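Participant: Have a look at this one before I ask anything.
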There are 2 protein chains.
Amino acid sequence: MASHGARGRSGGRPTLEEVAARAGVGRGTVSRVINGSPRVSDATRAAVEAAVAELGYVPNTAARALAANRTDAIALVVPEPETRFFAEPYFSDMLKGVGAALGDTEMQLLLIFAGSDRERRRLAQYLAAHRVDGVLLVSVHADDPLPDLLAQLEIPAVISGPRSSAETLPSVDSDNYGGARQAVEHLLSRGRRRIAHITGRLDVYGAQRRIDGYREALIDAGLGADEALIEPGDFTEEGGHRAMAALLERDPGLDAVFAASDVTAAGARQALREAGRRIPDDVALVGYDDSAIARHMEPPLTSVRQPIEEMGRRMIDLLLTEVADRRPLASRGLERRQVVLATELVSRSSS
Amino acid sequence: MASHGARGRSGGRPTLEEVAARAGVGRGTVSRVINGSPRVSDATRAAVEAAVAELGYVPNTAARALAANRTDAIALVVPEPETRFFAEPYFSDMLKGVGAALGDTEMQLLLIFAGSDRERRRLAQYLAAHRVDGVLLVSVHADDPLPDLLAQLEIPAVISGPRSSAETLPSVDSDNYGGARQAVEHLLSRGRRRIAHITGRLDVYGAQRRIDGYREALIDAGLGADEALIEPGDFTEEGGHRAMAALLERDPGLDAVFAASDVTAAGARQALREAGRRIPDDVALVGYDDSAIARHMEPPLTSVRQPIEEMGRRMIDLLLTEVADRRPLASRGLERRQVVLATELVSRSSS
DNA sequence: AGGTAGTGTGGGAGCGCTCCCACCAGTGAT
DNA sequence: ATCACTGGTGGGAGCGCTCCCACACTACCT
């Protein structure tokens, strides 16, 4: 019944024109009301709003996108396979923050995975078609070509962890350096003296900063940093296990470990168990992220909390500013748009 | 540098018209090539393709959407809070299947959560604006108004589990009845005689079908179904724990439990432990879903596997057909578009 | 030769918006 | 009275596509 082929008149969705006729005003005026322009008299605005309500008018996004050259959508790009996304609580927390910040906006959020080469090509095509107004980039490695592509296409983007100290893109990050210091200082205050560090992926800037924090906290405490106590990991459980085993072999006398992530700490814990070390009696353990894993570990894991939801919110703030600035091409200052948020040590029984 | 204000000519993205000029053909012909129409000579097609490549032409989606009245996007709607989505492996597997099936399409997938009232209103608005060509509905409860809204807006939709035996929407489901029978028959073959069942949410049709399968398997075995051995759960861990405790109190002699989900089984396991029952020695336990939880449980859990990825693929197939049919309004037969996929029992040491 | 299909092809007419220019009061300063 | 302005308003001109009608031009029948 009804609806012959879309091209037909009336019966389909009402248009701006029809609302205008109903309200007895011009098309331009209705458009102004819909878009919240202040240059409309109160009486006219009321009349238009009534017509909109009566007709159940909903703007046609495609027409708007075509005329205004924008899409009202932004993408959250995850350069990882789905699996990792679901496994790491980091992403779901981030998504929650982003979702919340977008709640009162017209903006639509698209979640795009770009783990495989095929997916990345698809993404490039997608971006080339300018199907989003802006991009949120999380978990980007130092050599990722994505940021350059975005810059070349002149698409506003915000990155979740800067790629280096010279990051050009606006970014939001937690204070990795400070967080690492907190962890080490905590261990020192507990009387630990031989504190090892299992790092994150070395091509991730944040992991480097954590190493710096670890090192300098020890130096400031007058202990000096023993490079033999630093073992590279990769943020995974297996990596943590391997690194811990290596550390124990090299230095059986260590009495504490700071792991670059909770997942890594879980791996380290396993290796410690296998070596017959008790936590925290023989070796104290501190993780990073304060994820669900930390709370459920046996024993519960002391960890450095990053305000991930807050980071998500701040990324959206930055991005929306960026997107809005694009149109009037306004005050594009050289103000560095790099946000760094404080971390917090959550003490539990593993240390 | 460059790009004054979008409205300006040349320098921006190339248009169909420009490609046509370059290839020395008309606009219509280029459009035909882009959309893969067969009514173009090979020579012309080659010329157009060359022009497209030279200019780096990418169709403007907004213009296409406006002219053709379609969006080339579909939504996967999850009427649950984000949290549940990330917690249950069901969703990530489904997403993987859907993503795979969409891989070779132009279609864009949008993931939309509609857990809170606010989110649901936003979704309604979104759908009213016809921003997607079709909708995939997962985990819908019997009284959800969403399917009706979709029907009213004439938006094609496919549902992952039918709401009743009289489901009108196209649907894809696993054989809940058969799966439950497999579980019970397995327990019977292991010599168990007092088999209890912890159900899923009773307002979910699939949960009802599992109860039917459980009941009839027992009746067919000549044991008769003892209603006192059926305890309602809600698919959660706490629900499983509570139900198991209730069952043990009512019937301390039971020797097996069939839980409506792996998560439920995890809760039941806990309650069994607390009551001093050994698994499987005293009580055998079987779950449903064969999720990661089942493999990692102690002891590993026997479970009924649903081909979730495959379900995701089939849903996409159905939906794309539905969407395509919309335009020519063709052979809309009364063929029931209800797909039911077989389950498989994965036997592990809990039974 | 005239008809009758069938194949390619060009281009007009929208799709429903936003942008912006023109215009029409009013209001206050000159 | 004249000349600015200024807050409001109408509507033309696109945005870049798809759809479809019209018009070749061939090929094959009567």
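Residues in the structure tokens are named by chain (A, B, ... in the order shown) and by number from 1 within that chain; ligands are numbered from 1 in the order shown.
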Give me the residues near segment 14-23 of chain C as a PyMOL selection string, where near means some atom within 10 Å (using only C-alpha atoms (C1' of nucleotides)) and where sequence neighbours in that chain fewer than 4 positions away do not count.
Facilitator: (chain A and resi 7+14-17+27-28+31-32+59-69) or (chain B and resi 7+63-69) or (chain D and resi 9-15+17-19)
Participant: Among segment 123-332 of chain A, which residues carry a DSSP assignment of strand (DSSP E or B), reported as number ranges by chain?
Facilitator: A: 134-137, 157-159, 171-174, 195-198, 230-231, 256-259, 284-289, 302-305
Participant: So that I can see what lies close to segment 318-326 of chain A, please list as a PyMOL selection string the residues with an atom at most 10 Å from it, counting only C-alpha atoms (C1' of nucleotides) and leaving out residues fewer than 2 positions away in the same chain.
Facilitator: (chain A and resi 70+72+74+102+105+107+133-136+154-159+170-172+313-316+328-332+337-339) or (chain B and resi 5)
Participant: Keeping only C-alpha atoms, write the selected residues as a CSV table (one decimal), in the first residue's frame.
Facilitator:
chain,number,residue,atom,x,y,z
A,70,ARG,CA,29.6,18.2,5.6
A,72,ASP,CA,27.8,15.3,10.6
A,74,ILE,CA,33.0,11.4,12.8
A,102,LEU,CA,28.7,13.0,21.7
A,105,THR,CA,25.4,16.5,19.5
A,107,MET,CA,27.2,14.1,15.3
A,133,ASP,CA,34.0,15.3,9.1
A,134,GLY,CA,36.7,14.2,11.4
A,135,VAL,CA,38.7,11.3,12.8
A,136,LEU,CA,39.6,10.0,16.2
A,154,GLU,CA,42.7,17.9,5.1
A,155,ILE,CA,40.5,15.9,7.4
A,156,PRO,CA,40.5,17.1,11.0
A,157,ALA,CA,41.9,14.4,13.3
A,158,VAL,CA,42.8,13.9,17.0
A,159,ILE,CA,45.2,11.3,18.2
A,170,PRO,CA,46.1,17.6,18.3
A,171,SER,CA,46.4,14.8,20.9
A,172,VAL,CA,45.1,13.7,24.3
A,313,ARG,CA,35.6,13.2,26.2
A,314,ARG,CA,38.5,15.5,25.7
A,315,MET,CA,39.3,14.0,22.3
A,316,ILE,CA,35.8,14.8,21.2
A,328,PRO,CA,35.3,29.9,8.9
A,329,LEU,CA,39.0,29.0,8.6
A,330,ALA,CA,39.3,31.1,11.7
A,331,SER,CA,42.0,31.8,14.3
A,332,ARG,CA,44.1,28.8,13.4
A,337,ARG,CA,46.5,21.4,21.2
A,338,GLN,CA,48.0,18.7,23.3
A,339,VAL,CA,46.1,17.6,26.4
B,5,GLY,CA,35.8,27.7,0.5
Participant: Excluding DT9 of chain C and any residue of its chain fewer than 2 positions from it, enumerate the residues within 10 Å of it, using only C-alpha atoms (C1' of nucleotides), and give them as a PyMOL selection string.
Facilitator: (chain B and resi 25-29+39-41) or (chain C and resi 7+11) or (chain D and resi 23-24)
Participant: Would you mind exporting N, CA, C and O atoms (P, O5', C5', C4', C3', O3' and C1' of nucleotides) of the selected residues as a PDB file, in the first residue's frame?
Facilitator:
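Everything below was put into part_15.pdb:
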ATOM      1  N   VAL B  25      32.863  11.836 -23.077  1.00  0.00           N
ATOM      2  CA  VAL B  25      31.531  11.224 -23.130  1.00  0.00           C
ATOM      3  C   VAL B  25      30.548  12.064 -22.320  1.00  0.00           C
ATOM      4  O   VAL B  25      30.923  13.107 -21.779  1.00  0.00           O
ATOM      5  N   GLY B  26      29.341  11.589 -22.214  1.00  0.00           N
ATOM      6  CA  GLY B  26      28.328  12.320 -21.451  1.00  0.00           C
ATOM      7  C   GLY B  26      28.297  11.892 -19.999  1.00  0.00           C
ATOM      8  O   GLY B  26      28.873  10.879 -19.627  1.00  0.00           O
ATOM      9  N   ARG B  27      27.610  12.684 -19.179  1.00  0.00           N
ATOM     10  CA  ARG B  27      27.515  12.403 -17.762  1.00  0.00           C
ATOM     11  C   ARG B  27      26.889  11.034 -17.499  1.00  0.00           C
ATOM     12  O   ARG B  27      27.356  10.248 -16.675  1.00  0.00           O
ATOM     13  N   GLY B  28      25.816  10.791 -18.233  1.00  0.00           N
ATOM     14  CA  GLY B  28      25.092   9.542 -18.041  1.00  0.00           C
ATOM     15  C   GLY B  28      25.978   8.325 -18.244  1.00  0.00           C
ATOM     16  O   GLY B  28      25.900   7.349 -17.504  1.00  0.00           O
ATOM     17  N   THR B  29      26.818   8.396 -19.226  1.00  0.00           N
ATOM     18  CA  THR B  29      27.687   7.258 -19.529  1.00  0.00           C
ATOM     19  C   THR B  29      28.662   6.991 -18.381  1.00  0.00           C
ATOM     20  O   THR B  29      28.859   5.850 -17.975  1.00  0.00           O
ATOM     21  N   ARG B  39      25.119  -1.830 -20.071  1.00  0.00           N
ATOM     22  CA  ARG B  39      24.813  -1.200 -21.358  1.00  0.00           C
ATOM     23  C   ARG B  39      25.824  -0.107 -21.736  1.00  0.00           C
ATOM     24  O   ARG B  39      25.463   1.029 -22.023  1.00  0.00           O
ATOM     25  N   VAL B  40      27.082  -0.509 -21.715  1.00  0.00           N
ATOM     26  CA  VAL B  40      28.146   0.404 -22.124  1.00  0.00           C
ATOM     27  C   VAL B  40      29.129  -0.393 -22.966  1.00  0.00           C
ATOM     28  O   VAL B  40      29.457  -1.527 -22.620  1.00  0.00           O
ATOM     29  N   SER B  41      29.572   0.166 -24.079  1.00  0.00           N
ATOM     30  CA  SER B  41      30.506  -0.578 -24.932  1.00  0.00           C
ATOM     31  C   SER B  41      31.862  -0.665 -24.236  1.00  0.00           C
ATOM     32  O   SER B  41      32.217   0.197 -23.432  1.00  0.00           O
TER      33      SER B  41
ATOM     34  P    DT C   7      20.031  -5.893 -27.099  1.00  0.00           P
ATOM     35  O5'  DT C   7      20.836  -4.703 -27.725  1.00  0.00           O
ATOM     36  C5'  DT C   7      22.205  -4.692 -27.529  1.00  0.00           C
ATOM     37  C4'  DT C   7      22.761  -3.434 -28.132  1.00  0.00           C
ATOM     38  C3'  DT C   7      23.496  -2.652 -27.052  1.00  0.00           C
ATOM     39  O3'  DT C   7      24.834  -2.543 -27.472  1.00  0.00           O
ATOM     40  C1'  DT C   7      22.126  -1.242 -28.342  1.00  0.00           C
ATOM     41  P    DG C  11      25.569  16.342 -24.550  1.00  0.00           P
ATOM     42  O5'  DG C  11      24.224  16.510 -23.707  1.00  0.00           O
ATOM     43  C5'  DG C  11      22.983  16.657 -24.391  1.00  0.00           C
ATOM     44  C4'  DG C  11      21.854  16.702 -23.373  1.00  0.00           C
ATOM     45  C3'  DG C  11      22.117  17.623 -22.180  1.00  0.00           C
ATOM     46  O3'  DG C  11      20.876  18.201 -21.826  1.00  0.00           O
ATOM     47  C1'  DG C  11      21.613  15.524 -21.391  1.00  0.00           C
TER      48       DG C  11
ATOM     49  P    DC D  23      13.639  13.402 -30.007  1.00  0.00           P
ATOM     50  O5'  DC D  23      14.991  12.810 -30.616  1.00  0.00           O
ATOM     51  C5'  DC D  23      16.228  13.418 -30.240  1.00  0.00           C
ATOM     52  C4'  DC D  23      17.328  12.417 -30.443  1.00  0.00           C
ATOM     53  C3'  DC D  23      17.395  11.827 -31.867  1.00  0.00           C
ATOM     54  O3'  DC D  23      18.613  12.237 -32.459  1.00  0.00           O
ATOM     55  C1'  DC D  23      17.779  10.191 -30.196  1.00  0.00           C
ATOM     56  P    DA D  24      18.686  12.302 -34.073  1.00  0.00           P
ATOM     57  O5'  DA D  24      18.714  10.741 -34.511  1.00  0.00           O
ATOM     58  C5'  DA D  24      19.779  10.284 -35.307  1.00  0.00           C
ATOM     59  C4'  DA D  24      20.995   9.958 -34.457  1.00  0.00           C
ATOM     60  C3'  DA D  24      21.844   8.887 -35.102  1.00  0.00           C
ATOM     61  O3'  DA D  24      23.149   9.398 -35.338  1.00  0.00           O
ATOM     62  C1'  DA D  24      21.082   8.193 -32.911  1.00  0.00           C
TER      63       DA D  24
END
Participant: Using only C-alpha atoms (C1' of nucleotides), which protein or nucleic acid residues come within 7 Å of Asp262 of chain A? Drop anything in the same chain fewer than 6 positions from it, and give the result as a VMD selection string.
Facilitator: chain A and resid 287 to 291 293 to 294
Participant: From the set C:DA1, C:DA13, C:DG8, C:DG28, which residue has the shortest atom-to-atom contact distance to chain B, counting only C-alpha atoms (C1' of nucleotides)?
Facilitator: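 The closest residue to chain B is C:DG8.
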Participant: Can you list every residue in segment 23-153 of chain A that DSSP puts in alpha helix (DSSP H), as a PyMOL selection string?
Facilitator: chain A and resi 23+27-34+42-55+61-68+82-87+89-102+117-128+146-152
Participant: Which residues are close to segment 186-200 of chain A, i.e. within 7 Å by only C-alpha atoms (C1' of nucleotides), leaving aside same-chain residues fewer than 5 positions away? Reply as a list in words.
Facilitator: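 That gives Ala207, Ile211, Leu229, Ile230, Glu231, Pro232, Gly233, Asp234, Phe235, Gly240, Ala243, Leu254, Asp255, Ala256, Val257, Phe258, Ala259 and Ala260 of chain A.
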Participant: Kindly save the residues from that selection, with all heavy atoms included, as a tab-separated table (two decimals), in the first residue's frame.
Facilitator:
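Done, and the output landed in out09.tsv:
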chain	number	residue	atom	x	y	z
A	207	ALA	N	54.98	4.27	25.85
A	207	ALA	CA	55.80	3.25	26.50
A	207	ALA	C	57.18	3.82	26.81
A	207	ALA	O	57.76	3.57	27.87
A	207	ALA	CB	55.91	2.02	25.61
A	211	ILE	N	59.15	4.40	30.48
A	211	ILE	CA	60.53	4.00	30.78
A	211	ILE	C	61.28	5.20	31.38
A	211	ILE	O	61.98	5.06	32.38
A	211	ILE	CB	61.26	3.52	29.50
A	211	ILE	CG1	60.57	2.27	28.94
A	211	ILE	CG2	62.73	3.24	29.79
A	211	ILE	CD1	61.13	1.80	27.61
A	229	LEU	N	67.80	-4.24	34.52
A	229	LEU	CA	66.49	-4.48	35.15
A	229	LEU	C	65.34	-4.07	34.22
A	229	LEU	O	64.18	-4.14	34.59
A	229	LEU	CB	66.39	-3.71	36.47
A	229	LEU	CG	67.15	-4.37	37.64
A	229	LEU	CD1	67.16	-3.46	38.86
A	229	LEU	CD2	66.52	-5.71	37.99
A	230	ILE	N	65.69	-3.60	33.02
A	230	ILE	CA	64.66	-3.22	32.06
A	230	ILE	C	64.56	-4.29	30.98
A	230	ILE	O	65.55	-4.63	30.35
A	230	ILE	CB	65.00	-1.86	31.41
A	230	ILE	CG1	65.09	-0.78	32.49
A	230	ILE	CG2	63.92	-1.50	30.38
A	230	ILE	CD1	65.42	0.59	31.95
A	231	GLU	N	63.37	-4.82	30.81
A	231	GLU	CA	63.18	-5.87	29.80
A	231	GLU	C	62.00	-5.48	28.89
A	231	GLU	O	60.92	-5.17	29.37
A	231	GLU	CB	62.88	-7.19	30.51
A	231	GLU	CG	62.65	-8.37	29.60
A	231	GLU	CD	63.92	-8.82	28.84
A	231	GLU	OE1	65.05	-8.55	29.34
A	231	GLU	OE2	63.78	-9.43	27.76
A	232	PRO	N	62.22	-5.51	27.59
A	232	PRO	CA	61.14	-5.09	26.68
A	232	PRO	C	59.97	-6.08	26.66
A	232	PRO	O	60.17	-7.30	26.64
A	232	PRO	CB	61.82	-5.02	25.32
A	232	PRO	CG	63.07	-5.83	25.45
A	232	PRO	CD	63.48	-5.77	26.88
A	233	GLY	N	58.76	-5.56	26.66
A	233	GLY	CA	57.56	-6.36	26.51
A	233	GLY	C	56.78	-5.80	25.33
A	233	GLY	O	57.33	-5.03	24.54
A	234	ASP	N	55.52	-6.15	25.21
A	234	ASP	CA	54.74	-5.67	24.07
A	234	ASP	C	53.27	-5.46	24.43
A	234	ASP	O	52.40	-5.52	23.58
A	234	ASP	CB	54.86	-6.65	22.92
A	234	ASP	CG	54.45	-8.06	23.35
A	234	ASP	OD1	53.99	-8.21	24.50
A	234	ASP	OD2	54.58	-8.99	22.55
A	235	PHE	N	53.02	-5.24	25.71
A	235	PHE	CA	51.65	-5.02	26.21
A	235	PHE	C	50.82	-6.29	26.29
A	235	PHE	O	49.68	-6.25	26.75
A	235	PHE	CB	50.88	-3.99	25.36
A	235	PHE	CG	51.36	-2.59	25.53
A	235	PHE	CD1	51.72	-1.83	24.42
A	235	PHE	CD2	51.47	-2.01	26.78
A	235	PHE	CE1	52.14	-0.51	24.56
A	235	PHE	CE2	51.89	-0.69	26.93
A	235	PHE	CZ	52.25	0.06	25.83
A	240	GLY	N	54.65	-10.41	28.73
A	240	GLY	CA	54.93	-10.19	30.14
A	240	GLY	C	55.54	-11.44	30.78
A	240	GLY	O	56.47	-11.35	31.58
A	243	ALA	N	59.17	-11.83	29.45
A	243	ALA	CA	60.05	-10.81	30.02
A	243	ALA	C	60.36	-11.11	31.49
A	243	ALA	O	61.50	-10.99	31.94
A	243	ALA	CB	59.41	-9.44	29.87
A	254	LEU	N	65.77	-9.66	42.45
A	254	LEU	CA	64.87	-8.50	42.34
A	254	LEU	C	63.69	-8.63	43.30
A	254	LEU	O	63.23	-9.74	43.58
A	254	LEU	CB	64.41	-8.31	40.90
A	254	LEU	CG	63.70	-9.46	40.19
A	254	LEU	CD1	62.24	-9.52	40.60
A	254	LEU	CD2	63.81	-9.27	38.69
A	255	ASP	N	63.22	-7.51	43.81
A	255	ASP	CA	62.14	-7.59	44.80
A	255	ASP	C	60.87	-6.84	44.38
A	255	ASP	O	59.93	-6.71	45.16
A	255	ASP	CB	62.62	-7.11	46.17
A	255	ASP	CG	63.11	-5.66	46.13
A	255	ASP	OD1	62.92	-4.99	45.09
A	255	ASP	OD2	63.66	-5.20	47.14
A	256	ALA	N	60.87	-6.30	43.16
A	256	ALA	CA	59.66	-5.62	42.69
A	256	ALA	C	59.68	-5.50	41.17
A	256	ALA	O	60.74	-5.47	40.54
A	256	ALA	CB	59.55	-4.23	43.31
A	257	VAL	N	58.47	-5.44	40.58
A	257	VAL	CA	58.36	-5.28	39.12
A	257	VAL	C	57.26	-4.27	38.81
A	257	VAL	O	56.17	-4.33	39.37
A	257	VAL	CB	57.98	-6.61	38.44
A	257	VAL	CG1	57.84	-6.40	36.93
A	257	VAL	CG2	59.03	-7.67	38.73
A	258	PHE	N	57.63	-3.33	37.93
A	258	PHE	CA	56.62	-2.40	37.42
A	258	PHE	C	56.37	-2.80	35.97
A	258	PHE	O	57.26	-2.74	35.12
A	258	PHE	CB	57.15	-0.96	37.51
A	258	PHE	CG	56.39	0.02	36.67
A	258	PHE	CD1	54.99	0.04	36.66
A	258	PHE	CD2	57.07	0.95	35.88
A	258	PHE	CE1	54.29	0.96	35.88
A	258	PHE	CE2	56.37	1.87	35.09
A	258	PHE	CZ	54.98	1.86	35.10
A	259	ALA	N	55.15	-3.25	35.67
A	259	ALA	CA	54.80	-3.68	34.31
A	259	ALA	C	54.05	-2.57	33.59
A	259	ALA	O	53.25	-1.86	34.20
A	259	ALA	CB	53.94	-4.94	34.38
A	260	ALA	N	54.28	-2.43	32.30
A	260	ALA	CA	53.73	-1.32	31.53
A	260	ALA	C	52.23	-1.44	31.25
A	260	ALA	O	51.63	-0.51	30.71
A	260	ALA	CB	54.49	-1.15	30.22
